[in-house]
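Colleague: Please find protein.txt (compact mmCIF, C-alpha atoms and all ligand atoms) on the next line:
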# COMPACT_ATOMS: atom_id res chain seq x y z
CA MET A 907 161.71 102.14 131.94
CA GLN A 908 163.52 104.63 129.74
CA THR A 909 167.17 104.68 130.80
CA LEU A 910 169.95 107.22 130.49
CA VAL A 911 173.45 105.78 130.64
CA LEU A 912 176.20 108.29 131.42
CA ALA A 913 179.23 107.59 129.27
CA ALA A 914 180.68 110.98 128.38
CA GLY A 915 183.45 111.22 130.99
CA GLN A 916 187.13 111.53 130.20
CA GLY A 917 188.22 108.82 132.61
CA THR A 918 191.28 110.76 133.75
CA ARG A 919 191.88 108.49 136.74
CA MET A 920 192.07 105.53 134.38
CA ARG A 921 194.98 106.93 132.36
CA PRO A 922 196.97 105.84 130.46
CA LEU A 923 194.32 103.27 129.46
CA THR A 924 191.91 106.05 128.44
CA GLU A 925 194.47 108.09 126.52
CA SER A 926 192.82 107.26 123.21
CA ARG A 927 189.78 105.25 124.26
CA PRO A 928 186.73 106.19 126.31
CA LYS A 929 186.58 104.45 129.69
CA PRO A 930 183.20 102.84 128.96
CA MET A 931 184.82 101.03 126.01
CA LEU A 932 187.57 99.36 128.05
CA PRO A 933 187.37 95.58 127.75
CA VAL A 934 185.64 93.62 130.47
CA ALA A 935 185.56 89.93 129.56
CA ASP A 936 184.04 89.65 126.07
CA ARG A 937 182.57 93.15 125.70
CA PRO A 938 183.14 96.79 126.63
CA LEU A 939 182.49 97.91 130.19
CA VAL A 940 179.42 99.97 129.27
CA ALA A 941 177.87 97.01 127.42
CA HIS A 942 177.64 95.23 130.79
CA THR A 943 175.84 98.27 132.22
CA VAL A 944 173.42 98.29 129.29
CA ASP A 945 172.95 94.49 129.52
CA ALA A 946 171.98 94.87 133.17
CA ALA A 947 169.56 97.69 132.27
CA VAL A 948 167.95 95.62 129.52
CA ALA A 949 167.62 92.61 131.85
CA ALA A 950 166.02 94.91 134.44
CA GLY A 951 163.44 96.12 131.93
CA ALA A 952 164.86 99.13 130.08
CA SER A 953 162.49 100.10 127.25
CA LYS A 954 164.92 102.50 125.60
CA ILE A 955 168.55 103.37 126.19
CA VAL A 956 169.86 106.92 125.81
CA LEU A 957 173.65 106.89 125.91
CA ILE A 958 175.23 110.20 126.87
CA VAL A 959 178.52 110.35 125.01
CA GLY A 960 181.27 112.94 124.73
CA TYR A 961 184.92 111.93 125.07
CA GLU A 962 185.83 109.68 122.09
CA ALA A 963 182.11 109.35 121.36
CA GLU A 964 182.40 107.63 117.97
CA GLU A 965 183.70 104.37 119.43
CA VAL A 966 180.66 104.08 121.71
CA LYS A 967 178.22 104.97 118.92
CA GLU A 968 179.74 102.45 116.55
CA TYR A 969 179.51 99.64 119.08
CA PHE A 970 175.84 100.07 119.95
CA GLY A 971 174.22 101.34 116.75
CA ALA A 972 170.50 102.13 116.70
CA GLU A 973 169.40 98.98 118.53
CA TYR A 974 171.03 96.77 121.15
CA ALA A 975 169.63 93.50 122.54
CA GLY A 976 166.25 94.35 120.97
CA VAL A 977 166.05 97.76 122.67
CA PRO A 978 166.24 101.08 120.78
CA VAL A 979 169.35 103.14 121.44
CA GLU A 980 169.76 106.91 121.07
CA PHE A 981 172.88 109.02 121.57
CA ALA A 982 173.04 112.44 123.17
CA VAL A 983 176.28 114.36 122.96
CA GLN A 984 177.49 116.21 126.03
CA GLU A 985 179.92 118.69 124.50
CA GLU A 986 181.76 119.54 127.71
CA GLN A 987 182.01 117.25 130.72
CA ARG A 988 180.51 119.67 133.21
CA GLY A 989 179.02 117.09 135.54
CA THR A 990 176.46 114.33 135.83
CA ALA A 991 173.40 116.65 136.00
CA ASP A 992 174.64 118.35 132.85
CA ALA A 993 175.03 114.91 131.21
CA VAL A 994 171.42 114.04 132.07
CA ARG A 995 170.28 117.43 130.76
CA ALA A 996 172.01 116.62 127.46
CA GLY A 997 169.95 113.44 127.25
CA ALA A 998 166.63 114.87 128.45
CA GLU A 999 165.43 115.80 124.98
CA TYR A 1000 165.35 112.08 124.11
CA LEU A 1001 163.11 111.26 127.07
CA ASP A 1002 159.39 110.70 126.83
CA PRO A 1003 157.24 112.18 129.60
CA GLY A 1004 157.37 109.87 132.63
CA PRO A 1005 159.84 108.44 135.10
CA PHE A 1006 163.36 107.61 133.98
CA ALA A 1007 166.37 105.65 135.18
CA VAL A 1008 169.94 106.93 135.21
CA LEU A 1009 172.97 104.65 135.39
CA ASN A 1010 176.69 105.31 135.41
CA GLY A 1011 178.21 103.82 132.26
CA ASP A 1012 181.37 102.86 134.12
CA ALA A 1013 179.82 100.69 136.81
CA LEU A 1014 178.91 97.02 137.00
CA TYR A 1015 175.50 96.32 138.48
CA ASP A 1016 174.13 92.88 139.29
CA HIS A 1017 171.02 92.16 137.27
CA PRO A 1018 168.56 91.09 140.03
CA SER A 1019 169.41 94.14 142.16
CA LEU A 1020 168.90 96.47 139.22
CA GLU A 1021 165.59 94.77 138.48
CA GLU A 1022 164.48 95.54 142.03
CA LEU A 1023 165.40 99.18 141.50
CA TYR A 1024 163.43 99.31 138.26
CA ASN A 1025 160.38 97.90 140.02
CA ASP A 1026 160.51 100.68 142.61
CA GLY A 1027 159.29 104.29 142.54
CA PRO A 1028 161.69 107.18 142.96
CA ALA A 1029 164.67 105.25 144.27
CA VAL A 1030 168.43 105.09 144.47
CA GLY A 1031 170.59 101.96 144.43
CA SER A 1032 172.92 101.67 147.42
CA TYR A 1033 175.83 99.45 148.34
CA ARG A 1034 177.16 98.68 151.80
CA VAL A 1035 180.86 99.33 152.42
CA ASP A 1036 183.20 99.35 155.43
CA ASN A 1037 184.74 102.72 154.51
CA PRO A 1038 181.78 104.99 153.56
CA SER A 1039 183.80 108.18 154.19
CA GLU A 1040 185.55 107.65 150.88
CA TYR A 1041 182.29 107.79 148.90
CA GLY A 1042 179.01 109.63 148.45
CA VAL A 1043 177.01 108.37 151.45
CA LEU A 1044 173.22 108.09 151.56
CA ASP A 1045 171.52 109.99 154.32
CA ILE A 1046 168.66 107.64 155.20
CA ARG A 1047 166.07 108.66 157.78
CA ASP A 1048 162.76 106.92 158.64
CA GLY A 1049 163.33 104.54 155.74
CA ASN A 1050 163.64 107.32 153.17
CA VAL A 1051 166.65 108.78 151.44
CA ARG A 1052 167.22 112.44 152.28
CA GLY A 1053 170.19 113.02 150.04
CA VAL A 1054 173.81 112.11 149.36
CA ILE A 1055 176.71 113.52 151.38
CA GLU A 1056 180.08 113.48 149.60
CA LYS A 1057 182.92 111.90 151.57
CA PRO A 1058 181.63 112.85 155.05
CA GLU A 1059 183.89 112.61 158.09
CA ASN A 1060 180.98 111.20 160.10
CA PRO A 1061 178.99 109.15 157.62
CA PRO A 1062 175.26 108.99 158.40
CA SER A 1063 175.10 105.39 157.10
CA ASP A 1064 177.30 102.68 155.63
CA ARG A 1065 175.33 102.72 152.37
CA ILE A 1066 176.88 104.51 149.43
CA ASN A 1067 175.48 105.89 146.21
CA THR A 1068 175.89 103.51 143.25
CA GLY A 1069 174.94 106.10 140.65
CA ALA A 1070 171.76 104.15 139.78
CA TYR A 1071 168.54 106.13 140.16
CA ILE A 1072 164.86 106.06 139.27
CA PHE A 1073 163.67 109.66 139.01
CA PRO A 1074 160.03 110.80 139.03
CA PRO A 1075 158.66 112.39 135.82
CA GLU A 1076 158.94 115.96 137.20
CA ALA A 1077 162.71 115.57 137.63
CA GLN A 1078 163.02 116.27 133.91
CA ASN A 1079 162.36 119.90 134.91
CA TRP A 1080 164.85 119.97 137.79
CA LEU A 1081 168.06 119.52 135.83
CA ASP A 1082 169.27 123.13 136.01
CA VAL A 1083 171.26 122.87 139.22
CA GLU A 1084 173.83 125.27 140.67
CA THR A 1085 177.53 124.54 140.27
CA SER A 1086 178.78 122.55 143.26
CA GLU A 1087 181.80 123.29 145.47
CA ARG A 1088 183.96 121.06 143.30
CA GLY A 1089 182.82 123.02 140.23
CA GLU A 1090 180.45 120.46 138.69
CA LEU A 1091 176.74 120.22 137.96
CA GLU A 1092 175.82 117.27 140.13
CA LEU A 1093 173.02 114.76 139.70
CA THR A 1094 172.95 114.30 143.48
CA ASP A 1095 171.50 117.84 143.65
CA VAL A 1096 168.65 116.67 141.42
CA LEU A 1097 168.25 113.69 143.76
CA ALA A 1098 168.14 116.06 146.75
CA ARG A 1099 165.21 117.88 145.10
CA ALA A 1100 163.48 114.55 144.45
CA CYS A 1101 163.92 113.69 148.15
CA GLU A 1102 162.29 117.01 149.13
CA GLU A 1103 159.34 116.56 146.81
CA SER A 1104 158.61 112.85 147.26
CA ASP A 1105 159.58 109.67 149.09
CA VAL A 1106 162.79 108.25 147.64
CA THR A 1107 163.63 104.73 148.72
CA ASP A 1108 166.97 103.06 149.03
CA VAL A 1109 167.34 99.77 147.14
CA PRO A 1110 170.28 97.79 148.57
CA PHE A 1111 172.38 96.18 145.84
CA ASP A 1112 173.99 92.78 146.38
CA ARG A 1113 176.92 93.52 144.14
CA TRP A 1114 178.27 96.66 142.50
CA LEU A 1115 181.61 97.88 141.23
CA ASP A 1116 182.65 101.37 140.25
CA VAL A 1117 185.33 101.10 137.58
CA GLY A 1118 187.27 104.33 137.79
CA ARG A 1119 190.92 103.36 138.34
CA PRO A 1120 193.15 100.83 136.60
CA TRP A 1121 193.01 98.12 139.26
CA GLU A 1122 189.22 98.32 139.21
CA LEU A 1123 189.40 97.22 135.58
CA LEU A 1124 191.07 94.04 136.85
CA ALA A 1125 188.32 93.63 139.46
CA ALA A 1126 185.67 94.12 136.77
CA ASN A 1127 187.27 91.39 134.68
CA GLU A 1128 187.51 89.10 137.71
CA TRP A 1129 183.74 89.52 138.13
CA LYS A 1130 182.69 89.09 134.52
CA VAL A 1131 185.25 86.47 133.43
CA GLY A 1132 184.14 84.55 136.52
CA GLU A 1133 180.63 84.36 135.06
CA LEU A 1134 181.68 82.70 131.79
CA ASP A 1135 180.83 79.07 131.08
CA ARG A 1136 183.25 76.76 129.35
CA ASP A 1137 183.00 77.14 125.57
CA ILE A 1138 185.73 75.93 123.20
CA ARG A 1139 185.29 77.02 119.59
CA GLY A 1140 188.84 77.89 118.52
CA GLU A 1141 191.58 75.55 117.39
CA VAL A 1142 193.01 73.71 120.38
CA HIS A 1143 195.97 71.31 120.03
CA GLY A 1144 195.42 67.86 121.51
CA GLY A 1145 198.39 68.43 123.79
CA ALA A 1146 196.83 71.44 125.50
CA ASP A 1147 195.05 71.15 128.84
CA LEU A 1148 192.09 73.47 129.37
CA ARG A 1149 190.78 73.22 132.92
CA GLY A 1150 187.41 74.50 134.11
CA ASP A 1151 185.51 77.44 132.64
CA VAL A 1152 187.80 78.32 129.77
CA VAL A 1153 186.44 80.11 126.70
CA VAL A 1154 188.38 79.92 123.45
CA GLU A 1155 186.58 81.95 120.82
CA GLU A 1156 186.37 80.95 117.19
CA GLY A 1157 189.49 82.01 115.33
CA ALA A 1158 191.74 81.70 118.40
CA THR A 1159 194.51 79.07 118.63
CA VAL A 1160 195.90 77.22 121.63
CA ASP A 1161 199.05 75.24 120.89
CA ALA A 1162 200.68 72.15 122.40
CA GLY A 1163 201.87 72.17 125.98
CA VAL A 1164 199.57 74.99 127.07
CA VAL A 1165 197.73 74.82 130.38
CA ILE A 1166 194.83 77.24 130.87
CA GLU A 1167 193.06 77.28 134.22
CA GLY A 1168 189.62 78.82 134.09
CA PRO A 1169 188.01 81.14 134.41
CA ALA A 1170 189.85 82.52 131.41
CA LEU A 1171 188.98 83.92 128.00
CA VAL A 1172 190.98 83.67 124.79
CA ARG A 1173 189.44 85.97 122.22
CA SER A 1174 189.17 85.60 118.48
CA GLY A 1175 192.46 85.88 116.58
CA ALA A 1176 194.54 85.41 119.75
CA SER A 1177 197.21 82.71 120.04
CA VAL A 1178 198.56 80.98 123.13
CA GLY A 1179 201.63 78.77 123.26
CA PRO A 1180 203.28 76.48 122.66
CA ASN A 1181 204.13 75.74 126.29
CA ALA A 1182 202.40 78.58 128.10
CA TYR A 1183 200.51 78.77 131.42
CA VAL A 1184 197.47 81.02 131.67
CA ARG A 1185 195.39 81.26 134.85
CA GLY A 1186 193.12 83.26 137.10
CA ALA A 1187 190.50 85.45 135.35
CA THR A 1188 192.79 86.29 132.47
CA VAL A 1189 191.58 87.79 129.20
CA ILE A 1190 193.77 87.37 126.14
CA GLY A 1191 192.22 89.95 123.83
CA GLU A 1192 191.59 89.83 120.09
CA ASP A 1193 194.76 89.14 118.08
CA ALA A 1194 196.86 89.17 121.25
CA LYS A 1195 199.68 86.68 121.67
CA VAL A 1196 201.08 84.67 124.57
CA GLY A 1197 204.14 82.83 123.30
CA HIS A 1198 206.43 80.02 124.36
CA GLY A 1199 207.32 79.75 128.00
CA VAL A 1200 205.09 82.61 129.12
CA GLU A 1201 203.03 82.56 132.33
CA VAL A 1202 200.09 84.94 132.62
CA LYS A 1203 198.01 85.27 135.75
CA ASN A 1204 194.91 87.38 136.39
CA SER A 1205 195.67 89.88 133.65
CA VAL A 1206 193.99 91.68 130.79
CA PHE A 1207 195.67 91.77 127.39
CA MET A 1208 193.95 94.21 125.05
CA GLU A 1209 193.87 93.74 121.27
CA GLY A 1210 197.20 92.84 119.75
CA ALA A 1211 199.17 92.84 123.03
CA THR A 1212 202.10 90.47 122.65
CA VAL A 1213 204.27 88.68 125.18
CA GLY A 1214 206.25 86.41 122.95
CA HIS A 1215 208.85 84.50 124.95
CA LEU A 1216 209.89 83.40 128.43
CA SER A 1217 208.06 85.96 130.53
CA TYR A 1218 205.86 86.32 133.61
CA VAL A 1219 202.91 88.70 133.68
CA GLY A 1220 200.75 88.81 136.83
CA ASP A 1221 197.79 91.02 137.84
CA SER A 1222 198.48 93.47 135.04
CA VAL A 1223 196.73 95.35 132.25
CA LEU A 1224 198.44 95.51 128.87
CA GLY A 1225 196.98 98.07 126.47
CA ARG A 1226 196.48 97.69 122.75
CA ASP A 1227 199.58 96.46 120.85
CA VAL A 1228 201.84 96.44 123.90
CA ASN A 1229 204.92 94.34 123.24
CA PHE A 1230 207.05 92.74 125.96
CA GLY A 1231 210.56 91.65 124.93
CA ALA A 1232 211.73 88.13 125.72
CA GLY A 1233 212.37 87.56 129.39
CA THR A 1234 210.31 90.51 130.64
CA LYS A 1235 209.14 89.82 134.21
CA VAL A 1236 206.49 91.59 136.22
CA ALA A 1237 206.58 91.76 140.02
CA ASN A 1238 203.08 91.62 141.46
CA LEU A 1239 203.74 91.36 145.19
CA ARG A 1240 205.68 93.58 147.60
CA HIS A 1241 208.24 91.96 149.92
CA ASP A 1242 206.43 93.45 152.93
CA GLY A 1243 203.10 92.03 151.72
CA GLU A 1244 201.47 95.50 151.94
CA ALA A 1245 198.88 96.65 149.39
CA VAL A 1246 200.47 97.85 146.16
CA LYS A 1247 200.29 101.60 145.49
CA LEU A 1248 199.66 103.25 142.15
CA THR A 1249 199.90 106.86 141.02
CA VAL A 1250 196.51 108.25 140.01
CA LYS A 1251 196.45 111.85 138.75
CA GLY A 1252 199.80 112.50 140.41
CA GLU A 1253 198.85 111.06 143.77
CA ARG A 1254 200.18 107.82 145.26
CA ILE A 1255 197.18 105.75 146.26
CA SER A 1256 196.85 102.38 147.94
CA THR A 1257 194.99 100.05 145.63
CA GLY A 1258 194.01 97.80 148.52
CA ARG A 1259 195.38 94.90 146.46
CA ARG A 1260 198.18 92.76 147.77
CA LYS A 1261 198.72 91.50 144.24
CA LEU A 1262 199.10 94.05 141.47
CA GLY A 1263 201.56 94.09 138.61
CA VAL A 1264 201.82 96.82 135.98
CA ILE A 1265 199.53 99.01 133.89
CA CYS A 1266 200.73 99.61 130.34
CA GLY A 1267 199.29 102.17 127.95
CA ASP A 1268 198.80 101.27 124.29
CA GLU A 1269 201.95 100.41 122.32
CA ALA A 1270 204.30 100.41 125.31
CA LYS A 1271 207.35 98.21 124.68
CA THR A 1272 209.90 96.54 126.89
CA GLY A 1273 213.43 95.51 125.92
CA ILE A 1274 214.52 91.93 126.61
CA ASN A 1275 214.97 90.96 130.24
CA THR A 1276 213.18 94.02 131.58
CA SER A 1277 212.04 93.77 135.21
CA LEU A 1278 208.91 95.75 135.98
CA ASN A 1279 208.18 96.49 139.63
CA SER A 1280 204.69 96.13 141.07
CA GLY A 1281 202.55 99.25 140.67
CA VAL A 1282 204.54 100.65 137.75
CA ILE A 1283 202.66 102.47 134.99
CA LEU A 1284 204.10 102.60 131.49
CA SER A 1285 202.50 105.41 129.52
CA GLU A 1286 201.29 105.07 125.94
CA GLY A 1287 204.24 104.29 123.66
CA ALA A 1288 206.80 104.15 126.52
CA ALA A 1289 209.85 101.92 125.98
CA THR A 1290 212.42 100.27 128.23
CA LYS A 1291 215.98 99.27 127.37
CA PRO A 1292 217.21 95.67 127.47
CA GLY A 1293 217.94 94.51 131.00
CA GLU A 1294 216.36 97.52 132.69
CA SER A 1295 214.85 97.30 136.12
CA VAL A 1296 211.90 99.70 136.14
CA THR A 1297 210.77 100.90 139.56
CA ARG A 1298 209.10 104.19 138.60
CA ASP A 1299 206.37 105.15 136.17
CA ARG A 1300 207.46 106.36 132.77
P1 LIG B 1 183.28 110.09 136.92
O1 LIG B 1 183.83 108.71 137.11
O2 LIG B 1 183.19 110.98 138.10
O3 LIG B 1 184.07 110.85 135.78
P2 LIG B 1 184.91 110.26 134.59
O4 LIG B 1 184.30 109.05 134.02
O5 LIG B 1 185.18 111.37 133.63
O6 LIG B 1 186.28 109.80 135.26
P3 LIG B 1 187.47 110.67 135.92
O7 LIG B 1 186.94 111.24 137.19
O8 LIG B 1 188.51 109.61 136.14
O9 LIG B 1 187.93 111.68 134.93
O10 LIG B 1 181.83 110.02 136.29
C1 LIG B 1 180.81 109.15 136.70
C2 LIG B 1 180.00 108.75 135.49
O11 LIG B 1 179.38 109.88 134.88
C3 LIG B 1 180.82 108.12 134.41
O12 LIG B 1 180.05 107.10 133.85
C4 LIG B 1 181.04 109.24 133.41
C5 LIG B 1 179.81 110.07 133.55
N1 LIG B 1 180.00 111.51 133.32
C6 LIG B 1 179.41 112.11 132.21
O13 LIG B 1 178.77 111.44 131.39
N2 LIG B 1 179.54 113.46 132.05
C7 LIG B 1 180.21 114.24 132.93
O14 LIG B 1 180.27 115.47 132.74
C8 LIG B 1 180.83 113.60 134.06
C9 LIG B 1 181.61 114.41 135.07
C10 LIG B 1 180.69 112.24 134.23
Rewrite the coordinates I just gave you, this time as structure tokens.
Modeller:
Amino acid sequence: MQTLVLAAGQGTRMRPLTESRPKPMLPVADRPLVAHTVDAAVAAGASKIVLIVGYEAEEVKEYFGAEYAGVPVEFAVQEEQRGTADAVRAGAEYLDPGPFAVLNGDALYDHPSLEELYNDGPAVGSYRVDNPSEYGVLDIRDGNVRGVIEKPENPPSDRINTGAYIFPPEAQNWLDVETSERGELELTDVLARACEESDVTDVPFDRWLDVGRPWELLAANEWKVGELDRDIRGEVHGGADLRGDVVVEEGATVDAGVVIEGPALVRSGASVGPNAYVRGATVIGEDAKVGHGVEVKNSVFMEGATVGHLSYVGDSVLGRDVNFGAGTKVANLRHDGEAVKLTVKGERISTGRRKLGVICGDEAKTGINTSLNSGVILSEGAATKPGESVTRDR
């Protein structure tokens, strides 16, 4: 099945992590987010991948090249991010006649579910949630999908749109849709046409994750780091204790006195220790550093992020080349035990997570003994003074 993967978006809700990097290239375990989407597509039977790129396109192109996992890859540039139907239209010239699949390049799909979708006719992948009103909800009647209703007050079902579709061949001619109320050209309008013209089935997915906001990047890493099997290739001191499914890539070092509780991933060029404690679905990215007396829990360190001495980092994302001064501590739990809130595009939003630390854009720096409150965002290049207690984004 020829497959279009939408990866042209700006990822504004993911800022500051997408300030200079496209969202599909954010790290999830040992590869970029969109590589997991493409892996799932290939496992499901994709014959060709057409990646729709736009924002920071070069990074995506460089990663995939002309072939990936034995499958040919083409790139279509969507000049302006005018919506998902427009993105598909940008890729249509690379399609052969016949049915085609479309996947969101910022979502994780489980392989068997996607395979079921690929084996079906015109179809849409759905996922059951308790709060459908916050999503695009599938209108399902007599076993067929009739369309998608965006954030309805009275949802017609508890099954939401995963952004994974199999379109019939004729849909290649239905891509010129009208601008929607929110000012975008929407693929769900193409789906609505498909529902009018033929039977579109709903394929329930066992697992799915939309990765749009910073805490969802942590959830994505929890999923994919959790799938890693123990594999120790780097240099590990005899006095280190690696428990469970820990991966230490070639070129990484783990020094004496370190305890790492899997699942955890230490990437090539990274160093941990001496005397550090790493646990809970943590990724220490390429050339990143966790120094003496540092505890890291359930966090993602991107390339070159450094926490050198006597610090605690929990449930946090540290962008490229972030540097925490000695003694920096991150709070990851509110006293009242309520879900931590984060500001997304100027709006305070509950993340639904009881445990969440901080989100740091690339090259943010903290002075020694900085305290960072839970839910704080440090923008790209932000700095704190020694001894500061940071309770607001900066
Ligand atoms: P969104 O998550 O709605 O958009 P986005 O990725 O730009 O993020 P944000 O809303 O935070 O700015 O998009 C869903 C998928 O579709 C995602 O994989 C990006 C892709 N997309 C395009 O390729 N082109 C587009 O014009 C749009 C709007 C989205």
Colleague: Under the rule that all atoms listed in the file are counted, which of A:Ala1070, A:Val1282, A:Leu1124, A:Val948 is the nearest residue to ligand LIG 1 (chain B)?
Modeller: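 Nearest to ligand LIG 1 (chain B): A:Ala1070.
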Colleague: How would you report the residues lying within 10 Å of ligand LIG 1 (chain B), as a PyMOL selection string, if you count only C-alpha atoms and all ligand atoms?
Modeller: chain A and resi 910-921+924+928-930+940+943+957-961+983-994+996-997+1008-1013+1068-1069+1090-1093+1116-1120+1250-1251
Colleague: Quick one: of A:Glu1103, A:Glu1156, A:Asp1161, A:Glu1021, who's nearest to Gly1144 of chain A, counting only C-alpha atoms?
Modeller: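 Between A:Glu1103, A:Glu1156, A:Asp1161, A:Glu1021, the residue approaching Gly1144 of chain A most closely is A:Asp1161.
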Colleague: Would you compute the distance between atom CA of Asn1229 of chain A and atom CA of Gly1243 of chain A? Give it in Å to one decimal.
Modeller: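 So the two atoms, atom CA of Asn1229 of chain A and atom CA of Gly1243 of chain A, lie 28.6 Å apart.
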Colleague: Could you check the closest approach to Val1189 of chain A for each of A:Ser1174, A:Thr1290, A:Ser1205, A:Thr1094 and tell me which residue wins, using only C-alpha atoms?
Modeller: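 Nearest to Val1189 of chain A: A:Ser1205.
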Colleague: Between atom CA of Trp1121 of chain A and atom CA of Thr1257 of chain A, what distance in Å does the model show, to one decimal?
Modeller: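 Computing it gives 6.9 Å between the two atoms.
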Colleague: Would you please work out which residue, of A:Glu1122, A:Glu1059, A:Glu1155, A:Glu1022, is nearest to Ser1222 of chain A when using only C-alpha atoms?
Modeller: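 With only C-alpha atoms as the atom set, the closest residue is A:Glu1122.
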Colleague: Find, counting all atoms listed in the file, the residue in A:Val1219, A:Ile1283, A:Leu1097, A:Ala975 that gets nearest to Ala1029 of chain A.
Modeller: A:Leu1097
Colleague: Excluding same-chain residues fewer than 3 positions from Gly1132 of chain A, what lies within 6 Å of it counting all atoms listed in the file, as an MDAnalysis selection string?
Modeller: chainID A and resid 1128:1129 1169
Colleague: Compare A:Thr1212, A:Thr1297, A:Ser1285, A:Thr1272 by their minimum atom-to-atom distance to Gly1179 of chain A, counting only C-alpha atoms, and give me the closest one.
Modeller: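 The closest residue to Gly1179 of chain A is A:Thr1212.
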Colleague: Need to verify the contact set: Asp1026 of chain A, 12 Å, all atoms listed in the file, exclusion of same-chain residues closer than 6 positions in sequence. Can you return it as a list in words?
Modeller: Met907, Ala950, Gly951, Pro1005, Phe1006, Ala1007, Ser1019, Leu1020, Tyr1071, Ile1072, Phe1073, Pro1074, Asp1105, Val1106, Thr1107, Asp1108, Val1109 and Pro1110 of chain A
Colleague: What is the distance, in Å and to one decimal place, between atom CA of Glu1201 of chain A and atom CA of Arg1149 of chain A?
Modeller: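 Taking atom CA of Glu1201 of chain A and atom CA of Arg1149 of chain A, their separation equals 15.4 Å.
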Colleague: In the coordinates of the file, take the point (212.9, 93.3, 123.0) and a cut-off of 9 Å; then, counting all atoms listed in the file, name each qualifying protein, DNA or RNA residue as a PDB file with C-alpha atoms, in the frame of the given file.
Modeller:
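Final output, selection.pdb:
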ATOM      1  CA  ASN A1229     204.920  94.340 123.240  1.00  0.00           C
ATOM      2  CA  PHE A1230     207.050  92.740 125.960  1.00  0.00           C
ATOM      3  CA  GLY A1231     210.560  91.650 124.930  1.00  0.00           C
ATOM      4  CA  ALA A1232     211.730  88.130 125.720  1.00  0.00           C
ATOM      5  CA  GLY A1233     212.370  87.560 129.390  1.00  0.00           C
ATOM      6  CA  THR A1234     210.310  90.510 130.640  1.00  0.00           C
ATOM      7  CA  LYS A1271     207.350  98.210 124.680  1.00  0.00           C
ATOM      8  CA  THR A1272     209.900  96.540 126.890  1.00  0.00           C
ATOM      9  CA  GLY A1273     213.430  95.510 125.920  1.00  0.00           C
ATOM     10  CA  ILE A1274     214.520  91.930 126.610  1.00  0.00           C
ATOM     11  CA  ASN A1275     214.970  90.960 130.240  1.00  0.00           C
ATOM     12  CA  THR A1276     213.180  94.020 131.580  1.00  0.00           C
ATOM     13  CA  THR A1290     212.420 100.270 128.230  1.00  0.00           C
ATOM     14  CA  LYS A1291     215.980  99.270 127.370  1.00  0.00           C
ATOM     15  CA  PRO A1292     217.210  95.670 127.470  1.00  0.00           C
TER      16      PRO A1292
END
